[in-house]
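> Have a look at this one.
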Amino acid sequence: MDMNLLVALDALLDSNSVTLAAERLHTSPPAMSRTLARLRRVLGDPLLVRAGRSLVPTPRALELRYEVSALVEQGRTLLAPRETSDLAALKRTFAVQAGDMVLTELAAPLLSAVRAQAPRVALRFLPDALEGTAALRDGRVDLEVGVIDHTDPETTVRRVLADQMIGVAAADHPLVTDRVTVAAYAAARHLSIARNGRAHGPIDDRLALHGRTRRVVATVPNLTSALFAVRGTDLVCPVPALLSASALPALGLCTFEIPLPLPEVAIGMAWHPRNTADNGHRWLRDLVQETLLRSAAVIRPPKRRRGTAVQDAGGGLESR
């Protein structure tokens, strides 16, 4: 059955007029007359019959009037965009996949914002060990936040902010207390953050341009492990400035400028397109973005050594 007939039937039974029903549905009286004839055939009842110059409903029409009106209203409600203005009534659980690099700055302010705006919403933070596209597609993850290193037609990605890489070391490390040259940086004992254990990265490519290599003595899978490993050792490690800023003072760590031009760290969000138009999901995405941008605006990385770059004997750059 053509469900549009329900809408036409509702208009006819409510107005008892072919002309008025046609005006309501923005069609012509002849077209509405044809629709009425079709409804009569489908229902086996004349529905509206002439009484003088007007049409009056049959008993069957009177019986159907309320039920048809209710069905049409339910259909309009079902197809109308859902509003999220009443966030206090929103009751959902969202699975958010994010590594500790992002959670360090995101979790606390996001939980506070969710509690204030939608106290019945629950968040489940998942580690970034799940396969991005598959987990989003299968519904195991609602939103992925962090460095999005996968692209797929089934995934929607939004860039949120860009972070800069800086070096971190113990307070008495020579790269913190002395001049930072490419030679001195390359000669240090390095720790790398790599989920896959791969030690080679952009820093090694930049050092190669200066004819230098570094010694990576260890890799760790996340930022938290890296910061605790650097504390109390002679290791140095590259970290994102904004996303590590609040943790460094608590661990007594200091930063220095890496004397190499390094690419930005792009922090973004990814989700499956089926959630794009969902108002609850859109509210969460916007809230995550606002939280990250607010944190980036408030957080100032620990003060680094000031200076101008000059050539060192090895052809690199140093900072004074």
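Lettering and numbering for the structure tokens are positional, with chains as A, B, ... in the shown order, residues counted from 1 in each chain, and ligands counted from 1 in the shown order.
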Using only C-alpha atoms, what table do you get, as a Markdown table, when you list each residue of region 190-248 of chain A with an atom no more than 8 Å from region 168-174 of chain A, its nearest pair of atoms, and their distance in Å rounded to one decimal, rows by chain then rising number?

| residue | atom | partner | partner_atom | distance |
| --- | --- | --- | --- | --- |
| A:Val230 | CA | A:Ala169 | CA | 6.1 |
| A:Arg231 | CA | A:Ala170 | CA | 5.7 |
| A:Gly232 | CA | A:Ala170 | CA | 6.3 |
| A:Thr233 | CA | A:Ala170 | CA | 6.9 |
| A:Asp234 | CA | A:His173 | CA | 6.5 |
| A:Leu235 | CA | A:Ala169 | CA | 6.4 |
| A:Val236 | CA | A:Ala169 | CA | 4.9 |
| A:Cys237 | CA | A:Val168 | CA | 5.4 |
| A:Pro238 | CA | A:Val168 | CA | 6.2 |
| A:Val239 | CA | A:Val168 | CA | 6.9 |
> With a distance cut-off of 8 Å and only C-alpha atoms, select the neighbouring residues of Leu260 (chain A), excluding the residue or stretch itself and same-chain residues fewer than 4 positions from it, and output the selection as a VMD selection string.
chain A and resid 182 203 206 to 207 317
> Enter the distance from CA of Leu243 (chain A) to CA of Ala135 (chain A), in Å, rounded to one decimal.
24.6 Å
> Within region 115-239 of chain A, find each residue whose DSSP state, derived from the backbone, is alpha helix (DSSP H), and express the selection as number ranges by chain.
A: 115-117, 132-138, 174-177, 182-187, 202-209, 223-230
> Let me see the file: selected residues, C-alpha atoms, as a CSV table (one decimal), in the first residue's frame.

chain,number,residue,atom,x,y,z
A,115,ARG,CA,28.0,15.8,33.9
A,116,ALA,CA,26.9,19.4,33.7
A,117,GLN,CA,25.0,19.1,30.4
A,132,GLY,CA,40.0,2.0,13.8
A,133,THR,CA,37.8,1.6,10.8
A,134,ALA,CA,36.5,-1.9,11.7
A,135,ALA,CA,35.7,-0.9,15.3
A,136,LEU,CA,33.8,2.2,14.1
A,137,ARG,CA,32.0,0.3,11.4
A,138,ASP,CA,31.0,-2.5,13.8
A,174,PRO,CA,72.5,18.7,29.4
A,175,LEU,CA,70.0,19.4,26.7
A,176,VAL,CA,67.9,21.3,29.3
A,177,THR,CA,70.8,23.1,30.9
A,182,VAL,CA,71.9,18.9,16.3
A,183,ALA,CA,75.1,17.1,17.2
A,184,ALA,CA,74.2,17.1,20.9
A,185,TYR,CA,70.7,16.0,20.3
A,186,ALA,CA,71.7,13.2,18.0
A,187,ALA,CA,74.3,12.0,20.6
A,202,PRO,CA,60.4,11.9,11.1
A,203,ILE,CA,63.2,12.8,13.5
A,204,ASP,CA,65.5,10.2,12.0
A,205,ASP,CA,64.7,11.5,8.5
A,206,ARG,CA,65.6,15.1,9.5
A,207,LEU,CA,68.8,14.0,11.2
A,208,ALA,CA,69.8,12.0,8.1
A,209,LEU,CA,69.7,15.3,6.2
A,223,LEU,CA,52.9,8.9,26.5
A,224,THR,CA,52.5,8.1,30.2
A,225,SER,CA,55.0,5.3,30.0
A,226,ALA,CA,57.5,7.6,28.2
A,227,LEU,CA,57.3,10.3,30.8
A,228,PHE,CA,57.8,7.9,33.7
A,229,ALA,CA,60.7,6.3,31.9
A,230,VAL,CA,62.4,9.6,31.3
> Name the closest residue to Thr155 (chain A) among the candidates A:Leu143, A:Ala250, A:Val72, A:Ala199; distances are taken between atoms, counting only C-alpha atoms.
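Of A:Leu143, A:Ala250, A:Val72, A:Ala199, the one nearest Thr155 (chain A) is A:Leu143, counting only C-alpha atoms.
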> Could you pull out the strand (DSSP E) residues of region 58-170 of chain A from DSSP and send them as a short mmCIF file (atom, residue, chain, number, x, y, z; two decimals) with N, CA, C and O atoms, in the first residue's frame?

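Result written to out12.cif:
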data_model
loop_
_atom_site.label_atom_id
_atom_site.label_comp_id
_atom_site.auth_asym_id
_atom_site.auth_seq_id
_atom_site.Cartn_x
_atom_site.Cartn_y
_atom_site.Cartn_z
N THR A 93 25.02 5.64 26.30
CA THR A 93 26.40 5.31 26.62
C THR A 93 27.21 5.40 25.33
O THR A 93 26.86 4.77 24.33
N PHE A 94 28.27 6.18 25.35
CA PHE A 94 29.13 6.36 24.19
C PHE A 94 30.49 5.70 24.46
O PHE A 94 31.09 5.91 25.53
N ALA A 95 30.97 4.94 23.48
CA ALA A 95 32.30 4.34 23.56
C ALA A 95 33.28 5.25 22.82
O ALA A 95 33.15 5.45 21.61
N VAL A 96 34.23 5.81 23.55
CA VAL A 96 35.20 6.74 22.98
C VAL A 96 36.58 6.09 23.02
O VAL A 96 37.08 5.75 24.09
N GLN A 97 37.17 5.92 21.86
CA GLN A 97 38.51 5.32 21.79
C GLN A 97 39.55 6.43 21.72
O GLN A 97 39.49 7.28 20.84
N ALA A 98 40.48 6.41 22.67
CA ALA A 98 41.51 7.45 22.70
C ALA A 98 42.71 6.92 23.47
O ALA A 98 42.57 6.21 24.47
N ALA A 122 26.69 8.26 29.82
CA ALA A 122 27.88 7.58 30.34
C ALA A 122 28.91 7.45 29.21
O ALA A 122 28.55 7.25 28.05
N LEU A 123 30.18 7.60 29.57
CA LEU A 123 31.27 7.46 28.61
C LEU A 123 32.10 6.24 28.98
O LEU A 123 32.43 6.02 30.15
N ARG A 124 32.43 5.45 27.98
CA ARG A 124 33.36 4.33 28.15
C ARG A 124 34.60 4.63 27.33
O ARG A 124 34.56 4.61 26.10
N PHE A 125 35.69 4.95 28.00
CA PHE A 125 36.94 5.22 27.31
C PHE A 125 37.65 3.90 27.02
O PHE A 125 37.90 3.11 27.92
N LEU A 126 37.96 3.70 25.75
CA LEU A 126 38.61 2.47 25.31
C LEU A 126 40.03 2.77 24.85
O LEU A 126 40.30 3.86 24.32
N LEU A 143 33.22 6.95 18.78
CA LEU A 143 34.05 8.09 18.41
C LEU A 143 35.51 7.78 18.73
O LEU A 143 35.84 7.33 19.83
N GLU A 144 36.37 8.02 17.75
CA GLU A 144 37.82 7.87 17.96
C GLU A 144 38.43 9.25 18.03
O GLU A 144 38.15 10.11 17.20
N VAL A 145 39.29 9.47 19.02
CA VAL A 145 39.92 10.78 19.23
C VAL A 145 41.42 10.59 19.35
O VAL A 145 41.88 9.70 20.08
N GLY A 146 42.18 11.39 18.64
CA GLY A 146 43.63 11.32 18.73
C GLY A 146 44.27 11.53 17.38
O GLY A 146 43.75 12.26 16.53
N THR A 156 34.44 9.02 8.64
CA THR A 156 34.46 10.48 8.56
C THR A 156 35.48 11.00 9.56
O THR A 156 35.47 10.61 10.73
N VAL A 157 36.38 11.87 9.10
CA VAL A 157 37.46 12.39 9.95
C VAL A 157 37.36 13.91 10.01
O VAL A 157 37.16 14.57 9.00
N ARG A 158 37.49 14.46 11.22
CA ARG A 158 37.50 15.91 11.41
C ARG A 158 38.78 16.29 12.15
O ARG A 158 39.07 15.78 13.23
N ARG A 159 39.55 17.20 11.59
CA ARG A 159 40.75 17.71 12.25
C ARG A 159 40.35 18.72 13.31
O ARG A 159 39.54 19.62 13.06
N VAL A 160 40.92 18.60 14.50
CA VAL A 160 40.54 19.48 15.61
C VAL A 160 41.63 20.50 15.91
O VAL A 160 41.37 21.70 16.00
N LEU A 161 42.86 20.05 16.07
CA LEU A 161 43.95 20.97 16.38
C LEU A 161 45.28 20.36 15.98
O LEU A 161 45.37 19.17 15.69
N ALA A 162 46.31 21.20 15.94
CA ALA A 162 47.66 20.76 15.62
C ALA A 162 48.58 21.03 16.80
O ALA A 162 48.52 22.10 17.41
N ASP A 163 49.41 20.06 17.13
CA ASP A 163 50.34 20.18 18.25
C ASP A 163 51.76 20.15 17.70
O ASP A 163 52.02 19.66 16.61
N MET A 165 55.88 19.14 18.36
CA MET A 165 56.74 18.22 19.10
C MET A 165 57.86 18.98 19.79
O MET A 165 58.50 19.85 19.19
N ILE A 166 58.09 18.65 21.06
CA ILE A 166 59.20 19.22 21.82
C ILE A 166 59.95 18.07 22.49
O ILE A 166 59.44 16.95 22.56
N GLY A 167 61.15 18.35 22.97
CA GLY A 167 61.91 17.35 23.70
C GLY A 167 61.64 17.45 25.19
O GLY A 167 61.42 18.55 25.71
N VAL A 168 61.66 16.32 25.87
CA VAL A 168 61.49 16.31 27.31
C VAL A 168 62.61 15.49 27.94
O VAL A 168 63.06 14.48 27.37
N ALA A 169 63.08 15.96 29.09
CA ALA A 169 64.18 15.28 29.78
C ALA A 169 64.15 15.69 31.25
O ALA A 169 63.38 16.57 31.65
N ALA A 170 64.97 15.02 32.05
CA ALA A 170 65.10 15.40 33.46
C ALA A 170 65.67 16.81 33.57
O ALA A 170 66.34 17.31 32.66
#
> Residues within 10 Å of Arg198 (chain A), please, as a ChimeraX atom specification. Count only C-alpha atoms; anything in the same chain fewer than 2 positions from it doesn't count.
/A:192-196,200-201,218-221
> If I take CA of Val288 (chain A) and CA of Val102 (chain A), how far is one from the other in Å, to one decimal?
10.9 Å
> So how many Å separate CA of Ala21 (chain A) and CA of Leu78 (chain A), to one decimal?
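Straight-line distance from CA of Ala21 (chain A) to CA of Leu78 (chain A) works out to 22.8 Å.
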> Which polymer residues have any atom within 8 Å of an atom of Pro57 (chain A), counting only C-alpha atoms, with same-chain residues fewer than 2 positions away left out, as a list in words?
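The neighbour list is Leu13, Asn16, Leu47, Leu48, Val49, Leu55, Pro59, Arg60, Ala61 and Leu62 of chain A.
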> Write the residues you've just listed into a file as a short mmCIF file (atom, residue, chain, number, x, y, z; two decimals), in the first residue's frame, and include N, CA, C and O atoms for each of them.

data_model
loop_
_atom_site.label_atom_id
_atom_site.label_comp_id
_atom_site.auth_asym_id
_atom_site.auth_seq_id
_atom_site.Cartn_x
_atom_site.Cartn_y
_atom_site.Cartn_z
N LEU A 13 -10.58 13.23 5.57
CA LEU A 13 -11.49 12.98 6.70
C LEU A 13 -11.52 14.16 7.66
O LEU A 13 -12.51 14.36 8.37
N ASN A 16 -13.44 17.01 5.24
CA ASN A 16 -14.68 16.63 4.52
C ASN A 16 -14.82 17.41 3.22
O ASN A 16 -15.94 17.77 2.81
N LEU A 47 -16.50 6.44 1.78
CA LEU A 47 -15.81 7.35 2.70
C LEU A 47 -16.50 8.71 2.82
O LEU A 47 -16.90 9.12 3.90
N LEU A 48 -16.58 9.45 1.73
CA LEU A 48 -17.27 10.74 1.72
C LEU A 48 -18.37 10.71 0.66
O LEU A 48 -18.10 10.35 -0.49
N VAL A 49 -19.58 11.07 1.05
CA VAL A 49 -20.71 11.06 0.10
C VAL A 49 -21.35 12.45 0.11
O VAL A 49 -21.31 13.18 1.11
N LEU A 55 -19.88 17.34 1.42
CA LEU A 55 -19.58 15.92 1.56
C LEU A 55 -19.65 15.55 3.04
O LEU A 55 -19.19 16.32 3.90
N PRO A 59 -20.11 6.04 8.06
CA PRO A 59 -19.74 5.44 9.36
C PRO A 59 -18.32 4.86 9.36
O PRO A 59 -17.61 4.96 10.36
N ARG A 60 -17.94 4.25 8.24
CA ARG A 60 -16.58 3.70 8.16
C ARG A 60 -15.54 4.82 8.25
O ARG A 60 -14.51 4.67 8.90
N ALA A 61 -15.82 5.95 7.60
CA ALA A 61 -14.90 7.08 7.65
C ALA A 61 -14.79 7.62 9.06
O ALA A 61 -13.68 7.95 9.53
N LEU A 62 -15.92 7.73 9.75
CA LEU A 62 -15.89 8.21 11.14
C LEU A 62 -15.10 7.25 12.03
O LEU A 62 -14.39 7.67 12.95
#
> Given only C-alpha atoms as the basis, pick out the residue of A:Asn279, A:Ala245, A:Arg274, A:Leu87 nearest to Glu105 (chain A).
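Result for the nearest residue to Glu105 (chain A): A:Ala245.
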